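Below is upload-v5.txt, which holds compact mmCIF, C-alpha atoms.
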# COMPACT_ATOMS: atom_id res chain seq x y z
CA MET A 1 -129.29 -119.88 -76.76
CA THR A 2 -126.52 -119.70 -79.33
CA THR A 3 -125.36 -122.09 -82.01
CA SER A 4 -121.87 -123.55 -81.99
CA THR A 5 -120.63 -121.44 -84.90
CA GLN A 6 -118.37 -118.41 -84.85
CA GLN A 7 -116.96 -116.21 -87.58
CA ASP A 8 -113.39 -117.50 -87.60
CA PRO A 9 -112.60 -120.98 -86.25
CA PHE A 10 -109.68 -121.28 -83.85
CA ILE A 11 -106.67 -123.06 -85.37
CA LEU A 12 -105.65 -125.70 -82.85
CA ASP A 13 -101.97 -126.28 -83.56
CA ALA A 14 -101.01 -129.96 -83.44
CA ILE A 15 -97.46 -129.06 -82.41
CA ALA A 16 -98.00 -125.79 -80.62
CA ALA A 17 -95.02 -123.72 -79.64
CA ASP A 18 -97.15 -122.14 -76.92
CA VAL A 19 -99.74 -124.63 -75.67
CA HIS A 20 -100.72 -122.56 -72.67
CA GLY A 21 -100.94 -119.37 -74.72
CA ASP A 22 -103.38 -121.18 -77.00
CA ALA A 23 -105.23 -122.43 -73.94
CA GLN A 24 -105.59 -118.92 -72.54
CA ARG A 25 -106.95 -117.65 -75.86
CA LEU A 26 -109.40 -120.55 -76.01
CA ARG A 27 -110.73 -119.83 -72.52
CA ALA A 28 -111.31 -116.20 -73.51
CA LEU A 29 -113.50 -117.34 -76.42
CA GLY A 30 -115.94 -119.25 -74.24
CA PRO A 31 -116.71 -122.72 -72.94
CA LEU A 32 -117.11 -124.25 -76.43
CA VAL A 33 -115.02 -123.01 -79.32
CA GLU A 34 -115.21 -123.79 -83.03
CA ALA A 35 -111.77 -125.02 -84.06
CA VAL A 36 -109.84 -126.64 -86.89
CA LEU A 37 -107.13 -129.21 -86.11
CA SER A 38 -104.05 -128.01 -87.96
CA ASP A 39 -102.69 -131.46 -88.82
CA SER A 40 -105.89 -132.87 -90.29
CA GLY A 41 -108.19 -129.96 -91.16
CA LEU A 42 -110.93 -131.51 -89.03
CA LYS A 43 -113.57 -129.13 -87.75
CA VAL A 44 -114.37 -129.80 -84.12
CA LEU A 45 -115.65 -128.09 -81.01
CA VAL A 46 -113.08 -127.56 -78.26
CA CYS A 47 -113.97 -127.24 -74.58
CA PRO A 48 -111.43 -125.28 -72.48
CA ASP A 49 -113.72 -124.89 -69.43
CA ARG A 50 -112.97 -127.30 -66.59
CA ASP A 51 -116.50 -127.60 -65.18
CA VAL A 52 -118.19 -127.86 -68.57
CA ALA A 53 -115.63 -130.50 -69.57
CA GLU A 54 -116.51 -132.54 -66.50
CA ARG A 55 -120.19 -132.40 -67.39
CA ILE A 56 -119.48 -133.59 -70.92
CA LEU A 57 -117.17 -136.40 -69.82
CA GLY A 58 -119.52 -137.42 -67.02
CA ASP A 59 -122.69 -137.67 -69.13
CA ARG A 60 -122.20 -141.04 -70.78
CA GLU A 61 -125.79 -141.17 -72.06
CA THR A 62 -125.68 -137.95 -74.10
CA PHE A 63 -122.00 -137.73 -75.04
CA ARG A 64 -120.69 -141.02 -76.41
CA LYS A 65 -117.17 -142.23 -77.14
CA ASN A 66 -117.84 -144.68 -79.96
CA PRO A 67 -116.95 -143.05 -83.31
CA GLU A 68 -120.02 -144.67 -84.89
CA HIS A 69 -121.81 -141.55 -83.59
CA TRP A 70 -119.40 -139.19 -85.41
CA THR A 71 -121.14 -137.52 -88.36
CA ASP A 72 -117.93 -136.50 -90.15
CA LEU A 73 -116.60 -140.05 -89.95
CA ARG A 74 -119.79 -141.47 -91.45
CA ASP A 75 -119.59 -138.86 -94.20
CA GLY A 76 -116.00 -139.81 -95.08
CA LEU A 77 -114.49 -136.50 -93.95
CA VAL A 78 -112.02 -137.91 -91.39
CA PRO A 79 -108.46 -138.58 -92.65
CA GLN A 80 -106.75 -141.77 -91.60
CA GLY A 81 -103.52 -142.06 -89.65
CA GLY A 82 -101.87 -139.99 -86.95
CA ILE A 83 -103.88 -139.08 -83.89
CA MET A 84 -107.07 -140.20 -85.65
CA GLU A 85 -106.01 -143.79 -85.01
CA PHE A 86 -106.76 -143.23 -81.32
CA ALA A 87 -110.15 -141.71 -82.10
CA THR A 88 -111.14 -144.78 -84.13
CA MET A 89 -109.20 -147.53 -82.32
CA PRO A 90 -111.30 -150.63 -81.60
CA GLY A 91 -111.73 -151.91 -78.06
CA MET A 92 -112.12 -150.39 -74.63
CA LEU A 93 -110.85 -146.90 -75.46
CA ASN A 94 -113.78 -146.01 -77.71
CA ALA A 95 -116.53 -148.31 -76.44
CA ASP A 96 -119.74 -147.22 -74.71
CA GLY A 97 -122.29 -148.68 -72.35
CA ALA A 98 -122.46 -152.45 -71.78
CA GLU A 99 -119.65 -153.14 -74.25
CA HIS A 100 -117.32 -150.74 -72.43
CA ARG A 101 -118.24 -152.17 -69.02
CA LYS A 102 -117.57 -155.70 -70.26
CA LEU A 103 -114.20 -154.87 -71.82
CA ARG A 104 -113.05 -152.68 -68.94
CA GLY A 105 -114.12 -155.33 -66.45
CA LEU A 106 -112.06 -157.97 -68.23
CA VAL A 107 -109.02 -155.72 -68.34
CA SER A 108 -109.54 -154.80 -64.67
CA ASP A 109 -109.50 -158.49 -63.79
CA ALA A 110 -106.05 -158.73 -65.36
CA PHE A 111 -104.62 -155.30 -64.47
CA THR A 112 -105.32 -155.48 -60.75
CA ALA A 113 -104.18 -153.12 -57.99
CA ARG A 114 -102.13 -155.99 -56.61
CA ARG A 115 -100.37 -156.48 -59.97
CA VAL A 116 -99.54 -152.76 -60.04
CA GLU A 117 -98.26 -152.73 -56.46
CA ASN A 118 -96.14 -155.82 -57.13
CA LEU A 119 -94.32 -153.77 -59.76
CA ARG A 120 -92.97 -151.34 -57.15
CA PRO A 121 -89.71 -153.22 -56.44
CA ARG A 122 -89.08 -153.52 -60.18
CA VAL A 123 -89.75 -149.79 -60.65
CA GLU A 124 -87.26 -148.95 -57.89
CA GLU A 125 -84.68 -151.35 -59.33
CA ILE A 126 -84.94 -149.84 -62.82
CA VAL A 127 -84.74 -146.28 -61.49
CA GLN A 128 -81.60 -147.09 -59.51
CA SER A 129 -80.01 -148.71 -62.56
CA LEU A 130 -80.87 -145.74 -64.77
CA LEU A 131 -79.53 -143.30 -62.19
CA GLY A 132 -76.29 -145.24 -62.09
CA ASP A 133 -75.98 -144.71 -65.85
CA VAL A 134 -76.89 -141.03 -65.42
CA ALA A 135 -74.25 -140.59 -62.70
CA ALA A 136 -71.61 -142.16 -64.93
CA ALA A 137 -72.50 -139.83 -67.80
CA ALA A 138 -72.96 -136.61 -65.82
CA THR A 139 -70.14 -134.08 -65.85
CA THR A 140 -69.60 -130.97 -63.80
CA ASN A 141 -70.05 -128.50 -66.65
CA GLY A 142 -71.86 -130.45 -69.36
CA PHE A 143 -75.55 -130.94 -70.05
CA LEU A 144 -77.15 -134.35 -70.06
CA GLU A 145 -80.28 -135.23 -72.06
CA LEU A 146 -82.67 -136.91 -69.63
CA ARG A 147 -85.73 -137.65 -71.69
CA ARG A 148 -84.32 -140.53 -73.74
CA ARG A 149 -81.78 -141.59 -71.14
CA PHE A 150 -84.12 -141.62 -68.13
CA ALA A 151 -87.77 -140.59 -68.61
CA PHE A 152 -88.33 -142.75 -71.70
CA GLU A 153 -86.56 -145.82 -70.37
CA LEU A 154 -88.48 -146.29 -67.11
CA PRO A 155 -92.03 -146.71 -68.49
CA MET A 156 -90.75 -148.63 -71.53
CA GLN A 157 -88.91 -151.14 -69.37
CA ILE A 158 -91.83 -151.47 -66.96
CA LEU A 159 -94.36 -152.01 -69.76
CA THR A 160 -92.23 -154.66 -71.46
CA HIS A 161 -91.85 -156.37 -68.06
CA LEU A 162 -95.60 -156.06 -67.41
CA PHE A 163 -96.39 -157.55 -70.82
CA GLY A 164 -94.07 -160.50 -70.19
CA LEU A 165 -91.59 -159.78 -72.99
CA ASP A 166 -88.08 -161.19 -72.78
CA PRO A 167 -85.25 -158.60 -72.89
CA ASP A 168 -84.45 -159.12 -76.58
CA SER A 169 -88.09 -158.73 -77.65
CA GLY A 170 -88.41 -155.74 -75.33
CA GLU A 171 -85.51 -154.04 -77.13
CA VAL A 172 -87.12 -154.74 -80.50
CA LEU A 173 -90.40 -153.27 -79.24
CA ALA A 174 -88.66 -150.16 -77.90
CA ARG A 175 -86.71 -149.65 -81.14
CA ASN A 176 -89.82 -149.91 -83.30
CA TYR A 177 -91.86 -147.77 -80.93
CA THR A 178 -89.19 -145.07 -81.08
CA ALA A 179 -89.21 -145.24 -84.88
CA ILE A 180 -92.92 -144.40 -84.97
CA HIS A 181 -92.32 -141.07 -83.22
CA ALA A 182 -88.77 -140.20 -84.24
CA SER A 183 -88.76 -141.13 -87.92
CA THR A 184 -88.52 -138.33 -90.46
CA THR A 185 -90.45 -140.21 -93.15
CA ALA A 186 -93.94 -141.70 -93.19
CA GLU A 187 -92.52 -144.97 -94.52
CA ALA A 188 -90.14 -145.38 -91.58
CA SER A 189 -92.90 -144.54 -89.11
CA LEU A 190 -95.22 -147.12 -90.67
CA ALA A 191 -92.43 -149.67 -90.56
CA GLY A 192 -92.01 -148.95 -86.86
CA LYS A 193 -95.72 -149.50 -86.25
CA ALA A 194 -95.62 -152.76 -88.18
CA GLY A 195 -92.69 -153.85 -86.03
CA VAL A 196 -94.60 -153.07 -82.81
CA LEU A 197 -97.64 -155.00 -84.05
CA ALA A 198 -95.46 -157.98 -84.97
CA VAL A 199 -93.88 -158.11 -81.51
CA ILE A 200 -97.26 -157.93 -79.76
CA ALA A 201 -98.88 -160.54 -82.04
CA ALA A 202 -95.96 -162.93 -81.43
CA LEU A 203 -96.21 -162.27 -77.69
CA ILE A 204 -99.91 -163.22 -77.61
CA GLU A 205 -99.18 -166.42 -79.53
CA GLU A 206 -96.34 -167.28 -77.14
CA LYS A 207 -98.40 -166.62 -74.00
CA ARG A 208 -101.24 -168.79 -75.28
CA ARG A 209 -98.76 -171.66 -75.47
CA HIS A 210 -96.79 -170.82 -72.33
CA PRO A 211 -98.75 -168.57 -69.91
CA ALA A 212 -96.89 -166.87 -67.09
CA ASP A 213 -97.46 -164.27 -64.38
CA ASP A 214 -97.82 -161.24 -66.66
CA LEU A 215 -100.52 -158.95 -68.04
CA THR A 216 -100.69 -160.65 -71.44
CA SER A 217 -101.30 -164.08 -69.93
CA ALA A 218 -103.84 -162.63 -67.50
CA LEU A 219 -105.75 -160.93 -70.33
CA ILE A 220 -105.81 -164.18 -72.28
CA ALA A 221 -106.98 -166.14 -69.23
CA ALA A 222 -109.69 -163.57 -68.48
CA THR A 223 -111.10 -163.69 -71.98
CA ASP A 224 -110.55 -167.09 -73.60
CA GLY A 225 -113.68 -169.15 -73.30
CA GLN A 226 -115.93 -166.12 -72.61
CA ASP A 227 -117.52 -165.72 -76.03
CA ALA A 228 -114.22 -164.38 -77.38
CA ALA A 229 -114.82 -161.07 -75.56
CA LEU A 230 -111.27 -160.10 -76.48
CA ASP A 231 -110.36 -161.81 -79.73
CA ASP A 232 -106.84 -161.45 -81.05
CA GLU A 233 -107.64 -158.11 -82.68
CA LEU A 234 -108.89 -156.69 -79.40
CA LEU A 235 -106.04 -158.24 -77.42
CA VAL A 236 -103.58 -156.49 -79.74
CA ALA A 237 -105.55 -153.23 -79.48
CA THR A 238 -105.60 -153.46 -75.65
CA LEU A 239 -101.86 -154.00 -75.37
CA MET A 240 -101.24 -151.26 -77.93
CA LEU A 241 -103.39 -148.94 -75.82
CA PHE A 242 -101.32 -149.73 -72.72
CA LEU A 243 -98.13 -149.08 -74.68
CA PHE A 244 -99.07 -145.88 -76.50
CA ALA A 245 -101.15 -144.28 -73.74
CA GLY A 246 -98.92 -145.42 -70.89
CA GLN A 247 -95.40 -145.00 -72.17
CA ALA A 248 -95.50 -141.54 -73.73
CA THR A 249 -97.66 -139.91 -71.09
CA THR A 250 -95.53 -141.21 -68.20
CA ALA A 251 -92.31 -140.14 -69.88
CA ASP A 252 -93.84 -136.70 -70.54
CA LEU A 253 -94.99 -136.41 -66.93
CA ILE A 254 -91.52 -137.24 -65.59
CA VAL A 255 -89.98 -134.67 -67.96
CA ASN A 256 -92.49 -131.99 -66.95
CA CYS A 257 -91.96 -132.64 -63.23
CA LEU A 258 -88.16 -132.42 -63.48
CA LYS A 259 -88.38 -129.31 -65.62
CA ALA A 260 -90.81 -127.66 -63.17
CA LEU A 261 -88.56 -128.36 -60.18
CA ALA A 262 -85.43 -127.16 -62.00
CA ASP A 263 -87.24 -123.95 -62.99
CA HIS A 264 -88.68 -123.42 -59.47
CA PRO A 265 -85.74 -123.98 -57.10
CA GLY A 266 -87.71 -122.65 -54.15
CA GLU A 267 -90.27 -125.42 -54.53
CA LEU A 268 -87.48 -127.97 -54.92
CA ALA A 269 -85.98 -126.72 -51.66
CA HIS A 270 -89.37 -127.15 -49.96
CA VAL A 271 -89.52 -130.76 -51.12
CA ARG A 272 -86.04 -131.46 -49.82
CA ALA A 273 -86.91 -129.82 -46.51
CA GLY A 274 -90.01 -131.98 -46.13
CA VAL A 275 -92.41 -129.04 -46.42
CA LEU A 276 -93.81 -130.53 -49.62
CA SER A 277 -93.88 -134.10 -50.88
CA VAL A 278 -92.98 -135.35 -54.33
CA GLU A 279 -96.62 -136.45 -54.60
CA ASP A 280 -97.65 -132.80 -54.13
CA VAL A 281 -95.38 -131.82 -57.01
CA VAL A 282 -96.66 -134.54 -59.34
CA LYS A 283 -100.31 -133.68 -58.68
CA GLU A 284 -99.67 -130.00 -59.32
CA VAL A 285 -97.76 -130.70 -62.53
CA LEU A 286 -100.66 -132.87 -63.73
CA ARG A 287 -102.92 -129.83 -63.34
CA TRP A 288 -100.50 -127.10 -64.35
CA ASN A 289 -98.59 -128.75 -67.20
CA GLY A 290 -99.79 -132.31 -67.60
CA PRO A 291 -98.77 -134.68 -70.38
CA ILE A 292 -102.00 -134.48 -72.39
CA GLN A 293 -103.15 -131.50 -74.47
CA THR A 294 -106.54 -132.80 -75.55
CA ILE A 295 -108.97 -135.64 -74.91
CA MET A 296 -110.50 -136.78 -78.17
CA PHE A 297 -113.55 -137.03 -78.69
CA ARG A 298 -117.15 -137.09 -77.42
CA TYR A 299 -120.17 -137.09 -79.75
CA PRO A 300 -123.68 -136.03 -78.68
CA VAL A 301 -126.33 -138.55 -79.70
CA ARG A 302 -128.93 -135.78 -80.07
CA ASP A 303 -129.02 -132.03 -80.56
CA VAL A 304 -128.23 -130.67 -77.12
CA VAL A 305 -127.57 -127.46 -75.25
CA VAL A 306 -124.36 -128.39 -73.43
CA PRO A 307 -124.80 -128.09 -69.65
CA GLY A 308 -123.12 -125.00 -68.24
CA THR A 309 -123.37 -123.16 -71.57
CA ASP A 310 -126.02 -121.71 -73.84
CA VAL A 311 -124.47 -123.43 -76.87
CA LEU A 312 -126.59 -125.76 -79.00
CA VAL A 313 -124.49 -128.59 -80.42
CA LYS A 314 -125.80 -130.70 -83.26
CA LYS A 315 -125.97 -134.47 -83.02
CA GLY A 316 -122.73 -136.15 -84.08
CA ARG A 317 -120.39 -133.15 -83.72
CA ALA A 318 -116.95 -134.05 -82.40
CA ILE A 319 -116.09 -132.33 -79.09
CA ALA A 320 -112.49 -132.30 -77.86
CA ILE A 321 -111.59 -131.49 -74.27
CA HIS A 322 -108.57 -129.18 -74.08
CA VAL A 323 -107.03 -130.53 -70.88
CA ALA A 324 -104.21 -127.98 -70.85
CA ALA A 325 -106.82 -125.20 -70.82
CA THR A 326 -108.98 -126.83 -68.15
CA GLY A 327 -105.96 -127.21 -65.86
CA ARG A 328 -105.44 -123.44 -65.69
CA ASP A 329 -109.09 -122.43 -65.61
CA GLU A 330 -109.26 -119.54 -63.13
CA ARG A 331 -112.88 -120.27 -62.30
CA ALA A 332 -111.89 -123.72 -61.11
CA TYR A 333 -108.48 -123.05 -59.55
CA GLY A 334 -108.45 -119.34 -58.67
CA ALA A 335 -106.77 -116.24 -60.01
CA ASP A 336 -103.31 -117.84 -59.67
CA ALA A 337 -104.22 -120.89 -61.77
CA ALA A 338 -101.29 -120.22 -64.13
CA THR A 339 -98.83 -120.35 -61.20
CA PHE A 340 -96.96 -123.53 -60.31
CA ASP A 341 -97.79 -124.01 -56.63
CA PRO A 342 -97.48 -127.55 -55.25
CA SER A 343 -98.75 -126.34 -51.86
CA ARG A 344 -102.24 -125.69 -53.24
CA ASP A 345 -105.02 -128.16 -52.58
CA THR A 346 -104.66 -130.12 -55.83
CA ASP A 347 -107.05 -133.02 -55.40
CA ILE A 348 -106.13 -135.74 -57.89
CA LYS A 349 -109.84 -136.08 -58.69
CA LYS A 350 -110.26 -132.41 -59.53
CA HIS A 351 -107.99 -132.05 -62.56
CA LEU A 352 -108.70 -133.87 -65.82
CA ALA A 353 -105.21 -135.09 -66.71
CA PHE A 354 -106.36 -138.72 -66.34
CA GLY A 355 -109.79 -138.05 -67.80
CA TYR A 356 -113.05 -138.26 -65.90
CA GLY A 357 -115.96 -140.63 -65.49
CA VAL A 358 -116.18 -144.17 -66.85
CA HIS A 359 -113.16 -143.66 -69.13
CA TYR A 360 -110.87 -142.50 -66.30
CA CYS A 361 -107.36 -143.80 -67.03
CA MET A 362 -106.84 -147.30 -65.63
CA GLY A 363 -103.08 -146.79 -65.72
CA ALA A 364 -103.11 -143.74 -63.43
CA PRO A 365 -101.86 -145.57 -60.30
CA LEU A 366 -98.93 -147.10 -62.20
CA ALA A 367 -98.05 -143.77 -63.86
CA LEU A 368 -98.10 -142.04 -60.47
CA MET A 369 -95.93 -144.74 -58.90
CA MET A 370 -93.34 -144.55 -61.66
CA THR A 371 -93.25 -140.76 -61.73
CA THR A 372 -93.01 -140.20 -57.98
CA THR A 373 -90.31 -142.86 -57.65
CA ALA A 374 -88.28 -141.48 -60.56
CA VAL A 375 -88.51 -137.86 -59.45
CA ALA A 376 -87.86 -138.57 -55.75
CA GLN A 377 -84.76 -140.64 -56.40
CA LEU A 378 -83.28 -138.33 -59.00
CA ILE A 379 -83.59 -135.18 -56.89
CA GLU A 380 -82.19 -137.07 -53.91
CA ARG A 381 -79.01 -137.83 -55.82
CA PHE A 382 -78.59 -134.74 -57.99
CA ASP A 383 -78.92 -130.98 -58.02
CA LEU A 384 -80.77 -129.74 -61.12
CA ASP A 385 -79.73 -126.82 -63.29
CA ARG A 386 -81.23 -125.82 -66.65
CA THR A 387 -79.46 -122.47 -66.89
CA GLY A 388 -78.33 -122.06 -70.47
CA ALA A 389 -79.75 -125.44 -71.49
CA PRO A 390 -80.47 -126.07 -75.19
CA THR A 391 -84.07 -125.42 -76.15
CA SER A 392 -86.27 -128.21 -77.42
CA ARG A 393 -89.22 -128.55 -79.78
CA PRO A 394 -92.56 -129.97 -78.56
CA ILE A 395 -92.61 -133.74 -78.48
CA SER A 396 -95.62 -134.56 -80.69
CA SER A 397 -99.21 -133.73 -81.53
CA PHE A 398 -100.24 -136.10 -78.73
CA SER A 399 -98.38 -134.09 -76.11
CA PRO A 400 -97.01 -130.80 -77.43
CA ASN A 401 -96.84 -129.42 -73.88
CA SER A 402 -93.82 -131.62 -73.17
CA ASP A 403 -90.31 -131.48 -74.61
CA ALA A 404 -88.69 -133.79 -77.15
CA GLU A 405 -85.47 -133.40 -75.14
CA LEU A 406 -84.72 -132.40 -71.56
CA TRP A 407 -81.23 -131.04 -71.19
CA MET A 408 -80.09 -130.70 -67.61
CA ARG A 409 -76.80 -129.99 -65.87
CA LEU A 410 -76.60 -132.47 -62.99
CA SER A 411 -74.23 -132.46 -60.05
CA ALA A 412 -74.12 -135.06 -57.29
CA ARG A 413 -75.58 -133.87 -54.02
CA THR A 414 -73.31 -133.89 -51.01
CA THR A 415 -76.16 -133.72 -48.47
CA ALA A 416 -79.18 -135.98 -48.57
CA PRO A 417 -82.56 -134.27 -48.22
CA ALA A 418 -84.43 -134.32 -44.93
CA ALA A 419 -87.42 -135.92 -46.65
CA ALA A 420 -88.46 -136.94 -50.13

Could I get this structure in the form of structure tokens?
Amino acid sequence: MTTSTQQDPFILDAIAADVHGDAQRLRALGPLVEAVLSDSGLKVLVCPDRDVAERILGDRETFRKNPEHWTDLRDGLVPQGGIMEFATMPGMLNADGAEHRKLRGLVSDAFTARRVENLRPRVEEIVQSLLGDVAAAATTNGFLELRRRFAFELPMQILTHLFGLDPDSGEVLARNYTAIHASTTAEASLAGKAGVLAVIAALIEEKRRHPADDLTSALIAATDGQDAALDDELLVATLMLFLFAGQATTADLIVNCLKALADHPGELAHVRAGVLSVEDVVKEVLRWNGPIQTIMFRYPVRDVVVPGTDVLVKKGRAIAIHVAATGRDERAYGADAATFDPSRDTDIKKHLAFGYGVHYCMGAPLALMMTTTAVAQLIERFDLDRTGAPTSRPISSFSPNSDAELWMRLSARTTAPAAA
């Protein structure tokens, strides 16, 4: 048995220029690695091993999600703001046990499979409209930036529609949401967050007075009169979770899929020939270069030797799952784990891009629907070329393995593909 200490902690870069290089180095250090988060100075354990990560995420009795179990938080060592807001957010995201089951059940009653499937025509309509704008802007020799113009717009428009926001309020929400991530000053970012909160609070008030067929009204109907299971604070937190976890990750996934196909023209040709499906591509991208770098956090409620390791972890230590590392774990996916290969058997349940266990992402079906629709329709209408494209910085500490911009040279296809 070993302890969880090592001589020099790994510096986990919040905006890594080489996420997968970091991931490879982490895997070489073992299944649990002492690390320091570069943006906060927090000392955590990082798990880059796919099978060990599954054991941690799947053991809800030993490894809890509620930050009340976090020793550093109780000791006042955790800075506020940034990504730490997700680690300490109230509501379903960080609840355990009966409280989590209750909250997730209420949200499930509102966010049903039928509600998601009923969004399909709207998703297709938005994609077609966005592609019309893309076609109008595309030139033979020029590059077009597709993240803001296409990948960002689809999930943002769907979420505002799902919430029940009118177009004007949806634009205000999108503008403030963008300010949170794009602002160059802390003051402007905080103002953007305040703007988002104001829109959502006003939406809840409006839907209490005038309910309609939307997620906000359904959440209110599922909770009002049930011992205030979701009071206004939790209603706001739940909608904020849908927005922040659903918008950015879906946009990142669309960007990563388009980039992968542009950089692997042979695989794109296989999709167009019907040898591979767009679903195959999306599943492989989720494993190979998914939108999430890390899952934060789990806290053992007792001193424990983590299953699959000989590492003793003290009660209350924060453990982060490095999803980018687990997705290319050779022990789980073979010697070619670093290779983009949509023909491999990439079971959606095997990778950890949507988490694992009781906290598996509820929005996964909607994210998959949006991404497959967007990618299929774009590659049907356009040839993709990134040759000589401008380079881009990582998008954020939440998802540094995606690009802040996706520059692509697009040309209209003259022959439709045999299959999408």

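Checking A:Lys43, A:His351, A:Arg175, A:Lys65 one by one against A:Ala332, counting only C-alpha atoms, you find the shortest gap at A:His351.
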
Seminar exercise, completed: If you count only C-alpha atoms, the residue of A:Val358, A:Leu410, A:Ala53, A:Leu37 closest to A:His322 turns out to be A:Ala53

For this session: Compare A:Leu103, A:Leu406, A:Met156, A:Ile321 by their minimum atom-to-atom distance to A:Ile56, counting only C-alpha atoms, and give me the closest one.
Result: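 Among the listed residues, the smallest separation from A:Ile56 belongs to A:Ile321.
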
Exercise. Out of A:Ala110, A:Leu312, A:Val301, A:Ala191, which residue has the shortest atom-to-atom distance to A:Arg60 when counting all atoms listed in the file?
Worked result: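 For A:Arg60, the nearest of the candidates is A:Val301.
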
For this session: Work out how far apart atom CA of A:Asn94 and atom CA of A:Cys361 are and give it in Å to one decimal.
Result: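 Separation between atom CA of A:Asn94 and atom CA of A:Cys361: 12.7 Å.
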
Start from the incomplete input, build all heavy atoms for stretch 157-162 of chain A, and deliver everything as a short mmCIF file (atom, residue, chain, number, x, y, z; two decimals), in the frame of the given file.
data_model
loop_
_atom_site.label_atom_id
_atom_site.label_comp_id
_atom_site.auth_asym_id
_atom_site.auth_seq_id
_atom_site.Cartn_x
_atom_site.Cartn_y
_atom_site.Cartn_z
N GLN A 157 -89.37 -149.91 -70.00
CA GLN A 157 -88.91 -151.14 -69.37
C GLN A 157 -89.99 -151.76 -68.49
O GLN A 157 -90.14 -152.99 -68.44
CB GLN A 157 -87.64 -150.89 -68.56
CG GLN A 157 -86.42 -150.59 -69.41
CD GLN A 157 -85.14 -150.56 -68.60
OE1 GLN A 157 -84.97 -151.31 -67.64
NE2 GLN A 157 -84.21 -149.68 -68.99
N ILE A 158 -90.76 -150.95 -67.80
CA ILE A 158 -91.83 -151.47 -66.96
C ILE A 158 -92.93 -152.10 -67.81
O ILE A 158 -93.46 -153.17 -67.49
CB ILE A 158 -92.40 -150.37 -66.05
CG1 ILE A 158 -91.45 -150.12 -64.89
CG2 ILE A 158 -93.78 -150.74 -65.52
CD1 ILE A 158 -91.27 -151.31 -63.95
N LEU A 159 -93.30 -151.47 -68.91
CA LEU A 159 -94.36 -152.01 -69.76
C LEU A 159 -93.92 -153.32 -70.42
O LEU A 159 -94.71 -154.27 -70.50
CB LEU A 159 -94.77 -150.99 -70.81
CG LEU A 159 -95.64 -149.84 -70.29
CD1 LEU A 159 -95.75 -148.74 -71.32
CD2 LEU A 159 -97.03 -150.35 -69.90
N THR A 160 -92.69 -153.40 -70.87
CA THR A 160 -92.23 -154.66 -71.46
C THR A 160 -92.19 -155.76 -70.40
O THR A 160 -92.52 -156.92 -70.69
CB THR A 160 -90.86 -154.50 -72.14
OG1 THR A 160 -89.91 -153.99 -71.19
CG2 THR A 160 -90.94 -153.55 -73.31
N HIS A 161 -91.83 -155.41 -69.17
CA HIS A 161 -91.85 -156.37 -68.06
C HIS A 161 -93.29 -156.77 -67.74
O HIS A 161 -93.59 -157.97 -67.56
CB HIS A 161 -91.19 -155.74 -66.84
CG HIS A 161 -91.27 -156.57 -65.60
ND1 HIS A 161 -90.47 -157.67 -65.36
CD2 HIS A 161 -92.09 -156.48 -64.51
CE1 HIS A 161 -90.77 -158.21 -64.20
NE2 HIS A 161 -91.75 -157.51 -63.66
N LEU A 162 -94.19 -155.80 -67.70
CA LEU A 162 -95.60 -156.06 -67.41
C LEU A 162 -96.21 -156.97 -68.47
O LEU A 162 -96.98 -157.89 -68.15
CB LEU A 162 -96.36 -154.74 -67.35
CG LEU A 162 -97.86 -154.78 -67.07
CD1 LEU A 162 -98.13 -155.28 -65.66
CD2 LEU A 162 -98.46 -153.38 -67.25
#
